[in-house]
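So this one's final.cif, mmCIF, C-alpha atoms:
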data_coords
#
loop_
_atom_site.label_atom_id
_atom_site.label_comp_id
_atom_site.auth_asym_id
_atom_site.auth_seq_id
_atom_site.Cartn_x
_atom_site.Cartn_y
_atom_site.Cartn_z
CA MET G 1 180.64 -16.66 -24.58
CA ALA G 2 182.00 -15.98 -21.08
CA LEU G 3 182.54 -12.42 -19.99
CA GLN G 4 186.05 -11.07 -19.55
CA TYR G 5 187.22 -8.97 -16.61
CA ARG G 6 190.04 -6.45 -16.59
CA ALA G 7 191.21 -3.33 -14.79
CA TRP G 8 189.28 -0.17 -15.59
CA GLN G 9 190.66 1.87 -18.47
CA ASP G 10 190.12 5.48 -19.47
CA GLY G 11 187.17 5.64 -21.84
CA ASP G 12 185.24 2.79 -20.23
CA ASP G 13 182.83 5.32 -18.72
CA LEU G 14 181.84 6.65 -22.14
CA GLU G 15 180.94 3.18 -23.39
CA LEU G 16 179.20 2.15 -20.18
CA LEU G 17 177.05 5.25 -20.00
CA GLN G 18 175.64 4.45 -23.42
CA LEU G 19 174.38 1.12 -22.03
CA TRP G 20 173.51 2.23 -18.53
CA GLY G 21 171.50 5.30 -19.45
CA GLY G 22 170.51 7.70 -16.70
CA PRO G 23 171.38 6.86 -13.06
CA GLU G 24 168.71 5.04 -11.07
CA SER G 25 169.17 7.22 -7.99
CA PRO G 26 171.18 10.14 -6.56
CA PRO G 27 173.65 7.73 -4.88
CA ALA G 28 174.22 5.97 -8.21
CA GLU G 29 174.84 9.31 -9.92
CA GLN G 30 177.37 10.24 -7.26
CA PHE G 31 179.15 6.88 -7.39
CA ARG G 32 179.50 7.03 -11.17
CA GLY G 33 181.88 9.93 -10.69
CA SER G 34 184.27 7.70 -8.73
CA PHE G 35 185.14 5.25 -11.51
CA ARG G 36 188.82 5.69 -12.36
CA PRO G 37 191.94 3.62 -13.05
CA SER G 38 193.28 1.66 -10.08
CA ALA G 39 195.88 3.46 -7.98
CA GLU G 40 197.94 3.00 -4.82
CA SER G 41 197.58 6.44 -3.22
CA PRO G 42 194.80 6.92 -2.41
CA TRP G 43 194.22 3.19 -2.78
CA ASN G 44 191.45 2.07 -5.10
CA ARG G 45 190.66 -0.84 -7.38
CA CYS G 46 188.24 -0.66 -10.29
CA ILE G 47 187.27 -3.59 -12.53
CA THR G 48 185.35 -3.65 -15.82
CA ALA G 49 183.36 -6.60 -17.19
CA LEU G 50 183.27 -6.99 -20.98
CA ASP G 51 180.94 -8.95 -23.23
CA GLN G 52 182.69 -9.67 -26.53
CA GLY G 53 185.02 -6.76 -25.89
CA VAL G 54 182.28 -4.28 -24.97
CA PRO G 55 182.10 -2.93 -21.37
CA VAL G 56 178.77 -3.91 -19.77
CA ALA G 57 179.45 -3.62 -16.03
CA ALA G 58 181.98 -2.24 -13.59
CA GLY G 59 182.70 -1.97 -9.90
CA PHE G 60 185.14 -0.30 -7.58
CA VAL G 61 186.37 -0.35 -4.00
CA TYR G 62 188.44 2.38 -2.38
CA GLU G 63 189.79 3.67 0.91
CA THR G 64 188.81 6.98 2.45
CA ALA G 65 190.71 8.79 5.17
CA LEU G 66 187.52 10.38 6.51
CA HIS G 67 185.78 7.11 7.40
CA PRO G 68 188.63 4.61 7.82
CA GLU G 69 186.80 1.55 9.17
CA ARG G 70 185.12 0.53 5.90
CA LEU G 71 185.88 0.73 2.19
CA TRP G 72 183.46 2.34 -0.23
CA CYS G 73 182.17 -0.13 -2.80
CA TYR G 74 179.90 0.14 -5.81
CA VAL G 75 178.85 -2.17 -8.66
CA GLU G 76 176.67 -1.33 -11.65
CA VAL G 77 175.53 -3.67 -14.40
CA ALA G 78 173.75 -2.92 -17.68
CA ALA G 79 170.06 -3.82 -17.45
CA ASP G 80 170.24 -6.62 -20.02
CA HIS G 81 173.10 -8.32 -18.12
CA ARG G 82 171.54 -8.30 -14.66
CA ARG G 83 170.65 -11.53 -12.85
CA THR G 84 173.37 -13.35 -14.77
CA GLY G 85 175.96 -13.38 -11.98
CA VAL G 86 178.15 -10.59 -13.33
CA GLY G 87 177.42 -8.28 -10.39
CA SER G 88 178.20 -11.00 -7.86
CA THR G 89 181.39 -11.89 -9.72
CA LEU G 90 182.54 -8.28 -9.67
CA LEU G 91 181.79 -8.03 -5.96
CA THR G 92 183.78 -11.20 -5.24
CA MET G 93 186.73 -9.85 -7.20
CA LEU G 94 186.54 -6.52 -5.38
CA ARG G 95 186.46 -8.27 -2.00
CA LEU G 96 189.61 -10.17 -2.95
CA GLU G 97 191.24 -6.85 -3.83
CA ALA G 98 190.04 -5.36 -0.54
CA ALA G 99 191.67 -8.23 1.36
CA ALA G 100 195.00 -6.97 0.04
CA SER G 101 194.36 -3.26 0.72
CA PRO G 102 197.15 -1.40 2.57
CA SER G 103 194.89 -0.58 5.51
CA GLY G 104 193.88 -4.20 6.01
CA ILE G 105 190.25 -3.08 6.18
CA THR G 106 187.93 -5.52 4.44
CA ALA G 107 184.49 -4.36 5.61
CA LEU G 108 182.58 -2.62 2.82
CA ARG G 109 179.97 0.11 2.67
CA SER G 110 177.77 1.50 -0.07
CA LYS G 111 174.72 3.74 -0.39
CA VAL G 112 171.40 2.85 -2.01
CA GLN G 113 167.94 4.24 -2.53
CA PRO G 114 165.13 1.95 -1.32
CA GLY G 115 163.33 -0.03 -3.99
CA THR G 116 165.96 0.39 -6.70
CA PRO G 117 167.75 -2.51 -8.43
CA GLY G 118 170.91 -1.46 -6.60
CA ALA G 119 169.19 -1.77 -3.23
CA LEU G 120 167.78 -5.19 -4.11
CA PHE G 121 171.22 -6.40 -5.27
CA ALA G 122 172.89 -5.12 -2.10
CA GLU G 123 170.37 -6.96 0.07
CA ALA G 124 170.74 -10.16 -1.96
CA VAL G 125 174.52 -10.28 -1.55
CA GLY G 126 174.44 -9.61 2.19
CA PHE G 127 174.68 -5.86 2.72
CA SER G 128 172.56 -4.58 5.61
CA PRO G 129 171.49 -1.02 6.53
CA ILE G 130 173.56 0.87 9.10
CA GLN G 131 172.11 4.36 8.61
CA ARG G 132 169.16 6.10 6.99
CA SER G 133 169.67 9.51 5.45
CA ARG G 134 166.87 11.80 4.25
CA VAL G 135 166.85 15.09 2.41
CA VAL G 136 164.07 17.06 4.10
CA VAL G 137 162.61 20.29 2.73
CA VAL G 138 161.13 22.51 5.45
CA SER G 139 158.47 24.98 4.32
CA PRO G 140 158.53 28.72 5.07
CA GLY G 141 156.96 29.52 8.42
CA ALA G 142 157.00 25.89 9.57
CA LEU G 143 158.09 27.11 13.02
CA ALA G 144 157.35 30.47 14.56
CA ALA G 145 160.36 32.78 14.55
CA PRO G 146 161.69 33.21 18.09
CA ALA G 147 162.28 36.59 19.70
CA PHE G 148 165.74 37.49 21.00
CA ASP G 149 164.64 40.16 23.46
CA ASP G 150 166.82 39.13 26.37
CA ALA G 151 170.25 40.68 25.90
CA SER G 152 171.73 38.06 28.21
CA GLY G 153 170.01 35.08 26.53
CA PRO G 154 170.57 33.17 23.27
CA GLN G 155 171.94 35.23 20.40
CA LEU G 156 172.00 34.68 16.64
CA GLU G 157 174.95 35.98 14.64
CA GLU G 158 176.70 35.59 11.32
CA ALA G 159 179.91 33.57 11.29
CA ALA G 160 182.81 33.46 8.88
CA THR G 161 183.19 30.05 7.26
CA GLY G 162 186.92 30.35 7.96
CA SER G 163 186.31 30.76 11.69
CA VAL G 164 188.27 28.28 13.80
CA GLU G 165 185.47 28.24 16.37
CA LEU G 166 182.87 27.33 13.75
CA THR G 167 185.16 24.75 12.18
CA ARG G 168 185.64 23.03 15.55
CA ALA G 169 181.89 23.03 16.13
CA VAL G 170 181.31 21.45 12.71
CA ALA G 171 184.04 18.85 13.24
CA ASP G 172 182.75 17.93 16.71
CA PHE G 173 179.18 17.59 15.45
CA TYR G 174 180.15 15.48 12.43
CA THR G 175 182.27 13.17 14.57
CA ALA G 176 179.55 12.79 17.21
CA VAL G 177 176.79 11.85 14.77
CA HIS G 178 178.96 9.36 12.86
CA GLY G 179 179.61 6.94 15.68
CA TRP G 180 177.96 4.29 13.48
CA ASP G 181 180.82 4.73 10.96
CA ARG G 182 183.70 6.34 12.80
CA ALA G 183 184.89 9.60 11.31
CA ASP G 184 188.46 10.86 11.48
CA LEU G 185 187.63 14.53 10.92
CA THR G 186 190.35 16.93 12.02
CA VAL G 187 189.76 20.68 12.13
CA GLY G 188 191.81 21.10 8.97
CA ARG G 189 189.88 18.41 7.15
CA ALA G 190 186.55 19.87 8.30
CA GLN G 191 187.56 23.23 6.92
CA GLN G 192 188.58 21.72 3.60
CA LEU G 193 185.61 19.39 3.11
CA LEU G 194 182.74 21.37 4.61
CA LEU G 195 183.63 25.05 4.93
CA SER G 196 186.08 26.04 2.19
CA ASP G 197 185.19 27.84 -1.02
CA THR G 198 185.72 24.60 -2.95
CA SER G 199 183.15 22.86 -0.73
CA GLY G 200 180.55 25.35 -1.92
CA ALA G 201 180.01 26.88 1.52
CA GLY G 202 178.57 30.34 0.97
CA GLY G 203 177.85 31.61 4.47
CA ALA G 204 177.04 30.58 8.01
CA ILE G 205 175.10 31.65 11.08
CA VAL G 206 175.45 30.43 14.65
CA LEU G 207 173.16 30.39 17.67
CA ARG G 208 174.97 31.08 20.94
CA ASP G 209 173.56 30.12 24.32
CA ARG G 210 174.35 33.65 25.50
CA PRO G 211 176.26 36.67 24.13
CA ARG G 212 179.77 35.97 22.96
CA ALA G 213 181.11 38.70 25.26
CA ASP G 214 179.72 36.72 28.19
CA GLY G 215 181.44 33.53 27.08
CA GLY G 216 178.57 32.28 24.94
CA MET G 217 179.21 29.01 23.13
CA ILE G 218 177.82 27.78 19.81
CA ALA G 219 174.67 25.78 20.53
CA ALA G 220 173.75 25.31 16.85
CA PHE G 221 175.05 26.33 13.45
CA ALA G 222 173.85 26.47 9.86
CA VAL G 223 176.10 26.52 6.79
CA SER G 224 174.55 27.40 3.43
CA TYR G 225 175.72 25.79 0.19
CA THR G 226 173.37 27.84 -1.99
CA GLN G 227 175.27 30.76 -3.45
CA ALA G 228 172.28 32.82 -4.68
CA ARG G 229 168.65 33.07 -3.63
CA THR G 230 166.32 31.12 -5.91
CA ASP G 231 162.74 29.89 -5.72
CA GLY G 232 164.04 26.50 -4.61
CA PRO G 233 165.06 25.63 -1.04
CA ALA G 234 168.52 26.62 0.14
CA ASP G 235 170.84 23.67 0.80
CA VAL G 236 171.88 23.92 4.45
CA LEU G 237 174.05 21.88 6.81
CA LEU G 238 172.51 22.23 10.27
CA GLY G 239 174.33 20.97 13.33
CA TYR G 240 174.31 21.42 17.09
CA ASP G 241 176.36 20.92 20.23
CA THR G 242 175.83 17.27 21.09
CA ALA G 243 177.27 17.85 24.58
CA LEU G 244 174.15 19.80 25.59
CA LYS G 245 171.22 18.16 27.34
CA PRO G 246 168.78 16.57 24.85
CA SER G 247 166.13 19.20 25.57
CA GLU G 248 168.67 21.97 25.00
CA GLN G 249 169.81 20.37 21.74
CA GLU G 250 166.24 20.24 20.45
CA ALA G 251 165.53 23.80 21.52
CA ALA G 252 168.63 25.05 19.70
CA VAL G 253 167.74 23.09 16.55
CA ALA G 254 164.14 24.33 16.58
CA THR G 255 165.29 27.93 17.01
CA MET G 256 167.77 27.64 14.14
CA ILE G 257 165.22 26.05 11.79
CA ALA G 258 162.63 28.69 12.69
CA MET G 259 165.07 31.46 11.75
CA LEU G 260 166.10 29.72 8.52
CA VAL G 261 162.54 29.22 7.26
CA HIS G 262 161.12 32.56 8.40
CA GLN G 263 160.62 33.54 4.73
CA PHE G 264 162.13 30.84 2.53
CA PRO G 265 162.29 27.02 2.44
CA VAL G 266 165.46 25.14 3.34
CA GLN G 267 166.77 21.69 2.47
CA LEU G 268 168.43 19.70 5.26
CA GLU G 269 170.24 16.37 5.28
CA VAL G 270 168.81 14.44 8.21
CA ASP G 271 170.56 11.24 9.30
CA ASP G 272 168.78 9.14 11.90
CA SER G 273 171.89 9.52 14.08
CA MET G 274 171.20 13.29 14.30
CA THR G 275 168.81 12.65 17.18
CA ALA G 276 167.84 16.23 18.08
CA LEU G 277 167.33 17.19 14.43
CA VAL G 278 165.16 14.12 13.86
CA ARG G 279 162.99 14.92 16.87
CA VAL G 280 162.35 18.45 15.62
CA VAL G 281 161.77 17.45 11.99
CA GLU G 282 159.46 14.46 12.53
CA PRO G 283 156.47 16.52 13.78
CA LEU G 284 156.95 18.89 10.83
CA LEU G 285 156.80 15.92 8.45
CA ALA G 286 153.71 14.59 10.19
CA GLY G 287 152.02 17.99 9.92
CA ASP G 288 152.94 18.55 6.26
CA ALA G 289 155.17 21.49 7.17
CA ALA G 290 158.09 19.53 5.71
CA THR G 291 158.53 16.87 3.04
CA VAL G 292 161.07 14.15 2.32
CA ASP G 293 162.70 14.95 -1.02
CA ALA G 294 165.00 11.90 -1.06
CA GLU G 295 165.82 8.90 1.10
CA ALA G 296 168.85 6.64 1.05
CA TYR G 297 170.51 4.02 3.23
CA VAL G 298 174.18 3.44 3.91
CA VAL G 299 174.57 -0.34 3.80
CA ALA G 300 177.50 -2.41 4.97
CA LEU G 301 179.02 -5.82 4.38
CA GLU G 302 181.10 -6.68 7.40
CA GLU G 303 184.14 -8.93 7.57
CA ARG G 304 182.16 -11.80 9.02
CA GLY G 305 180.20 -11.88 5.74
CA GLN G 306 183.27 -13.33 4.07
CA ASP G 307 183.32 -16.46 6.21
#
Translate the structure described by the file into structure tokens.
Amino acid sequence: MALQYRAWQDGDDLELLQLWGGPESPPAEQFRGSFRPSAESPWNRCITALDQGVPVAAGFVYETALHPERLWCYVEVAADHRRTGVGSTLLTMLRLEAAASPSGITALRSKVQPGTPGALFAEAVGFSPIQRSRVVVVSPGALAAPAFDDASGPQLEEAATGSVELTRAVADFYTAVHGWDRADLTVGRAQQLLLSDTSGAGGAIVLRDRPRADGGMIAAFAVSYTQARTDGPADVLLGYDTALKPSEQEAAVATMIAMLVHQFPVQLEVDDSMTALVRVVEPLLAGDAATVDAEAYVVALEERGQD
């Protein structure tokens, strides 16, 4: 009997989770939280596939104001219904919906973990990698703690997460390292998404190129999303001033990491586009002073793929 397809309904997730079981990867777990009934604002479309009235697969596509040049897309199929064409059918239906999206954007993006069924499906239907993202855990003492003896040199200080200066630094960094998927991150949006209480931001420190009283600017920053000290690594967003010379960027990043891991481990998200961070982290990985905890790729299906 042929499968039926309809718009997502409340309660579909409860039935699907019974068939799907645990998520195959962190990206899959995150995407599962985005299934919801179709809506116009913000625009999204979500479709469920049913086998004899029972949901067995689903997919969605939606717009995001933060990265406006592509639509997020995700498809998941119960294991016993894979390789039957249901995933491809859902993707085709979602692409037809995307063609009618208010923004007119039809290029798609998703996120997969290498070697998973989701990654293999994405490759088979034409998605290609546009960015690699790793979660890297840096061990305590991986870099020697620097001395700040020169009162006129670089200075480390605490920063309020509500600081306009810090928020601008975060927004500028995020925009600069997302040239591969243009970001429309205003100061207000940066504060809401990355620095507000609801974002989980618990504190921040900044490294200035010289004392603030002497006009020192933020060369690097670190925002913690771990509210209380535990045995596990603190989750930290580390960024830097991309307008600096490459050598200065790397020096600022190395100094910040050294201070962060003086006593405790930290967990950093390292995209390949974060050039200075990658250059500092790679030798630590090679020397076993850091480990890759997770790896994922953002993959894209561009408009030309529809021809």
**Message:** Can you spell out as a PyMOL selection string the set of residues that the PyMOL selection byres ((chain G and resi 232) around 12) selects in the structure I just provided?
**Reply:** chain G and resi 137-140+226+228-231+233-235+264-267
**Asked** How many Å separate CA of Gly287 (chain G) from CA of Lys245 (chain G)?
**Response**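 Those two atoms sit 25.9 Å apart.
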With 8 Å on each side, where is the centre of the axis-aligned box around all listed atoms of region 2-6 of chain G, and how long are its edges in Å to one decimal, as JSON?
{"center_x": 186.0, "center_y": -11.2, "center_z": -18.8, "size_x": 24.0, "size_y": 25.5, "size_z": 20.5}
**Request:** Check what the PyMOL selection byres ((chain G and resi 116) around 12) selects in the file above and give those residues as a PyMOL selection string.
**Result:** chain G and resi 23-28+76+111-115+117-123+295-297
Expanded to explicit residues, what is the PyMOL selection byres ((chain G and resi 202-214) around 10) for this file, as a PDB file with C-alpha atoms, keeping the file's coordinate frame?
ATOM      1  CA  ASP G 150     166.820  39.130  26.370  1.00  0.00           C
ATOM      2  CA  ALA G 151     170.250  40.680  25.900  1.00  0.00           C
ATOM      3  CA  SER G 152     171.730  38.060  28.210  1.00  0.00           C
ATOM      4  CA  GLY G 153     170.010  35.080  26.530  1.00  0.00           C
ATOM      5  CA  PRO G 154     170.570  33.170  23.270  1.00  0.00           C
ATOM      6  CA  GLN G 155     171.940  35.230  20.400  1.00  0.00           C
ATOM      7  CA  LEU G 156     172.000  34.680  16.640  1.00  0.00           C
ATOM      8  CA  GLU G 157     174.950  35.980  14.640  1.00  0.00           C
ATOM      9  CA  GLU G 158     176.700  35.590  11.320  1.00  0.00           C
ATOM     10  CA  ALA G 159     179.910  33.570  11.290  1.00  0.00           C
ATOM     11  CA  ALA G 160     182.810  33.460   8.880  1.00  0.00           C
ATOM     12  CA  THR G 161     183.190  30.050   7.260  1.00  0.00           C
ATOM     13  CA  GLY G 162     186.920  30.350   7.960  1.00  0.00           C
ATOM     14  CA  SER G 163     186.310  30.760  11.690  1.00  0.00           C
ATOM     15  CA  LEU G 166     182.870  27.330  13.750  1.00  0.00           C
ATOM     16  CA  ALA G 169     181.890  23.030  16.130  1.00  0.00           C
ATOM     17  CA  LEU G 195     183.630  25.050   4.930  1.00  0.00           C
ATOM     18  CA  SER G 196     186.080  26.040   2.190  1.00  0.00           C
ATOM     19  CA  ASP G 197     185.190  27.840  -1.020  1.00  0.00           C
ATOM     20  CA  THR G 198     185.720  24.600  -2.950  1.00  0.00           C
ATOM     21  CA  SER G 199     183.150  22.860  -0.730  1.00  0.00           C
ATOM     22  CA  GLY G 200     180.550  25.350  -1.920  1.00  0.00           C
ATOM     23  CA  ALA G 201     180.010  26.880   1.520  1.00  0.00           C
ATOM     24  CA  GLY G 215     181.440  33.530  27.080  1.00  0.00           C
ATOM     25  CA  GLY G 216     178.570  32.280  24.940  1.00  0.00           C
ATOM     26  CA  MET G 217     179.210  29.010  23.130  1.00  0.00           C
ATOM     27  CA  ILE G 218     177.820  27.780  19.810  1.00  0.00           C
ATOM     28  CA  ALA G 219     174.670  25.780  20.530  1.00  0.00           C
ATOM     29  CA  ALA G 220     173.750  25.310  16.850  1.00  0.00           C
ATOM     30  CA  PHE G 221     175.050  26.330  13.450  1.00  0.00           C
ATOM     31  CA  ALA G 222     173.850  26.470   9.860  1.00  0.00           C
ATOM     32  CA  VAL G 223     176.100  26.520   6.790  1.00  0.00           C
ATOM     33  CA  SER G 224     174.550  27.400   3.430  1.00  0.00           C
ATOM     34  CA  TYR G 225     175.720  25.790   0.190  1.00  0.00           C
ATOM     35  CA  THR G 226     173.370  27.840  -1.990  1.00  0.00           C
ATOM     36  CA  GLN G 227     175.270  30.760  -3.450  1.00  0.00           C
ATOM     37  CA  ALA G 228     172.280  32.820  -4.680  1.00  0.00           C
ATOM     38  CA  VAL G 236     171.880  23.920   4.450  1.00  0.00           C
ATOM     39  CA  LEU G 237     174.050  21.880   6.810  1.00  0.00           C
ATOM     40  CA  LEU G 238     172.510  22.230  10.270  1.00  0.00           C
ATOM     41  CA  GLY G 239     174.330  20.970  13.330  1.00  0.00           C
ATOM     42  CA  TYR G 240     174.310  21.420  17.090  1.00  0.00           C
ATOM     43  CA  GLU G 248     168.670  21.970  25.000  1.00  0.00           C
ATOM     44  CA  ALA G 252     168.630  25.050  19.700  1.00  0.00           C
ATOM     45  CA  VAL G 253     167.740  23.090  16.550  1.00  0.00           C
ATOM     46  CA  THR G 255     165.290  27.930  17.010  1.00  0.00           C
ATOM     47  CA  MET G 256     167.770  27.640  14.140  1.00  0.00           C
ATOM     48  CA  LEU G 260     166.100  29.720   8.520  1.00  0.00           C
TER      49      LEU G 260
END
**Message:** Given the point (187.2, 0.7, -10.6) in the coordinates of this file, which residues lie within 6 Å, counting only C-alpha atoms, and how would they look as a list in words?
**Reply:**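 Checked against the point, the hits come out as Trp8, Phe35, Arg36, Arg45, Cys46, Ile47, Gly59 and Phe60 of chain G.
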What would the file look like if the residues just selected were written as a PDB file, keeping the file's coordinate frame with C-alpha atoms?
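The result, stored in result.pdb:
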ATOM      1  CA  TRP G   8     189.280  -0.170 -15.590  1.00  0.00           C
ATOM      2  CA  PHE G  35     185.140   5.250 -11.510  1.00  0.00           C
ATOM      3  CA  ARG G  36     188.820   5.690 -12.360  1.00  0.00           C
ATOM      4  CA  ARG G  45     190.660  -0.840  -7.380  1.00  0.00           C
ATOM      5  CA  CYS G  46     188.240  -0.660 -10.290  1.00  0.00           C
ATOM      6  CA  ILE G  47     187.270  -3.590 -12.530  1.00  0.00           C
ATOM      7  CA  GLY G  59     182.700  -1.970  -9.900  1.00  0.00           C
ATOM      8  CA  PHE G  60     185.140  -0.300  -7.580  1.00  0.00           C
TER       9      PHE G  60
END
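Between Thr106 (chain G) and the candidates G:Ala147, G:Leu14, G:Ala78, G:Glu63, the tightest atom-to-atom separation, counting all atoms listed in the file, involves G:Glu63.
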**Asked** What lies within 10 Å of Cys73 (chain G) using all atoms listed in the file, ignoring chain neighbours under 5 positions off, as number ranges by chain?
**Response** G: 31, 44-46, 59-63, 91, 94-95, 98, 107-111, 300-301
Selection export as a PDB file, in the frame of the given file, atoms kept: C-alpha atoms:
ATOM      1  CA  PHE G  31     179.150   6.880  -7.390  1.00  0.00           C
ATOM      2  CA  ASN G  44     191.450   2.070  -5.100  1.00  0.00           C
ATOM      3  CA  ARG G  45     190.660  -0.840  -7.380  1.00  0.00           C
ATOM      4  CA  CYS G  46     188.240  -0.660 -10.290  1.00  0.00           C
ATOM      5  CA  GLY G  59     182.700  -1.970  -9.900  1.00  0.00           C
ATOM      6  CA  PHE G  60     185.140  -0.300  -7.580  1.00  0.00           C
ATOM      7  CA  VAL G  61     186.370  -0.350  -4.000  1.00  0.00           C
ATOM      8  CA  TYR G  62     188.440   2.380  -2.380  1.00  0.00           C
ATOM      9  CA  GLU G  63     189.790   3.670   0.910  1.00  0.00           C
ATOM     10  CA  LEU G  91     181.790  -8.030  -5.960  1.00  0.00           C
ATOM     11  CA  LEU G  94     186.540  -6.520  -5.380  1.00  0.00           C
ATOM     12  CA  ARG G  95     186.460  -8.270  -2.000  1.00  0.00           C
ATOM     13  CA  ALA G  98     190.040  -5.360  -0.540  1.00  0.00           C
ATOM     14  CA  ALA G 107     184.490  -4.360   5.610  1.00  0.00           C
ATOM     15  CA  LEU G 108     182.580  -2.620   2.820  1.00  0.00           C
ATOM     16  CA  ARG G 109     179.970   0.110   2.670  1.00  0.00           C
ATOM     17  CA  SER G 110     177.770   1.500  -0.070  1.00  0.00           C
ATOM     18  CA  LYS G 111     174.720   3.740  -0.390  1.00  0.00           C
ATOM     19  CA  ALA G 300     177.500  -2.410   4.970  1.00  0.00           C
ATOM     20  CA  LEU G 301     179.020  -5.820   4.380  1.00  0.00           C
TER      21      LEU G 301
END
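Pairwise distance (CA of Ile257 (chain G), CA of Ala176 (chain G)) equals 20.3 Å.
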**Request:** Name all residues at most 9 Å from Met259 (chain G) (count all atoms listed in the file; drop same-chain ones fewer than 2 positions away) and give them as a PyMOL selection string.
**Result:** chain G and resi 141+143-146+254-257+261-263
**Prompt:** Quick one: distance from CA of Ala243 (chain G) to CA of His178 (chain G) in Å, one decimal?
**Reply:**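 According to the coordinates, CA of Ala243 (chain G) and CA of His178 (chain G) are separated by 14.6 Å.
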**Request:** Rank nothing, just name the residue among G:Phe148, G:Thr89, G:Leu277, G:Val125 nearest to Val177 (chain G), using only C-alpha atoms.
**Result:**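 Using only C-alpha atoms, Val177 (chain G) sits closest to G:Leu277.
Proximity ranking of G:Asp149, G:Asp172, G:Glu302, G:Asp12 relative to Asp184 (chain G) places G:Asp172 first, based on all atoms listed in the file.
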**Request:** Name the closest residue to Gly126 (chain G) among the candidates G:Gln18, G:Gln192, G:Ser88, G:Thr167; distances are taken between atoms, counting only C-alpha atoms.
**Result:**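 Nearest to Gly126 (chain G): G:Ser88.
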Proximity of region 12-87 of chain G to region 185-191 of chain G: per-residue shortest pair, 10 Å limit, only C-alpha atoms, as JSON lines:
{"residue": "G:Ala65", "atom": "CA", "partner": "G:Leu185", "partner_atom": "CA", "distance": 8.7}
{"residue": "G:Leu66", "atom": "CA", "partner": "G:Leu185", "partner_atom": "CA", "distance": 6.1}
{"residue": "G:His67", "atom": "CA", "partner": "G:Leu185", "partner_atom": "CA", "distance": 8.4}
**Request:** Give the answer as one residue: which of G:Ala39, G:Val56, G:Leu194, G:Ala79 has the shortest atom-to-atom distance to Pro102 (chain G), using only C-alpha atoms?
**Result:**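 Under the stated criterion, the closest residue is G:Ala39.
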**Asked** Looking at G:Val136, G:Phe127, G:Leu96, G:Arg182, which one is nearest to Ala289 (chain G), with distances taken over only C-alpha atoms?
**Response**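 Of the candidates, the smallest distance to Ala289 (chain G) is held by G:Val136.
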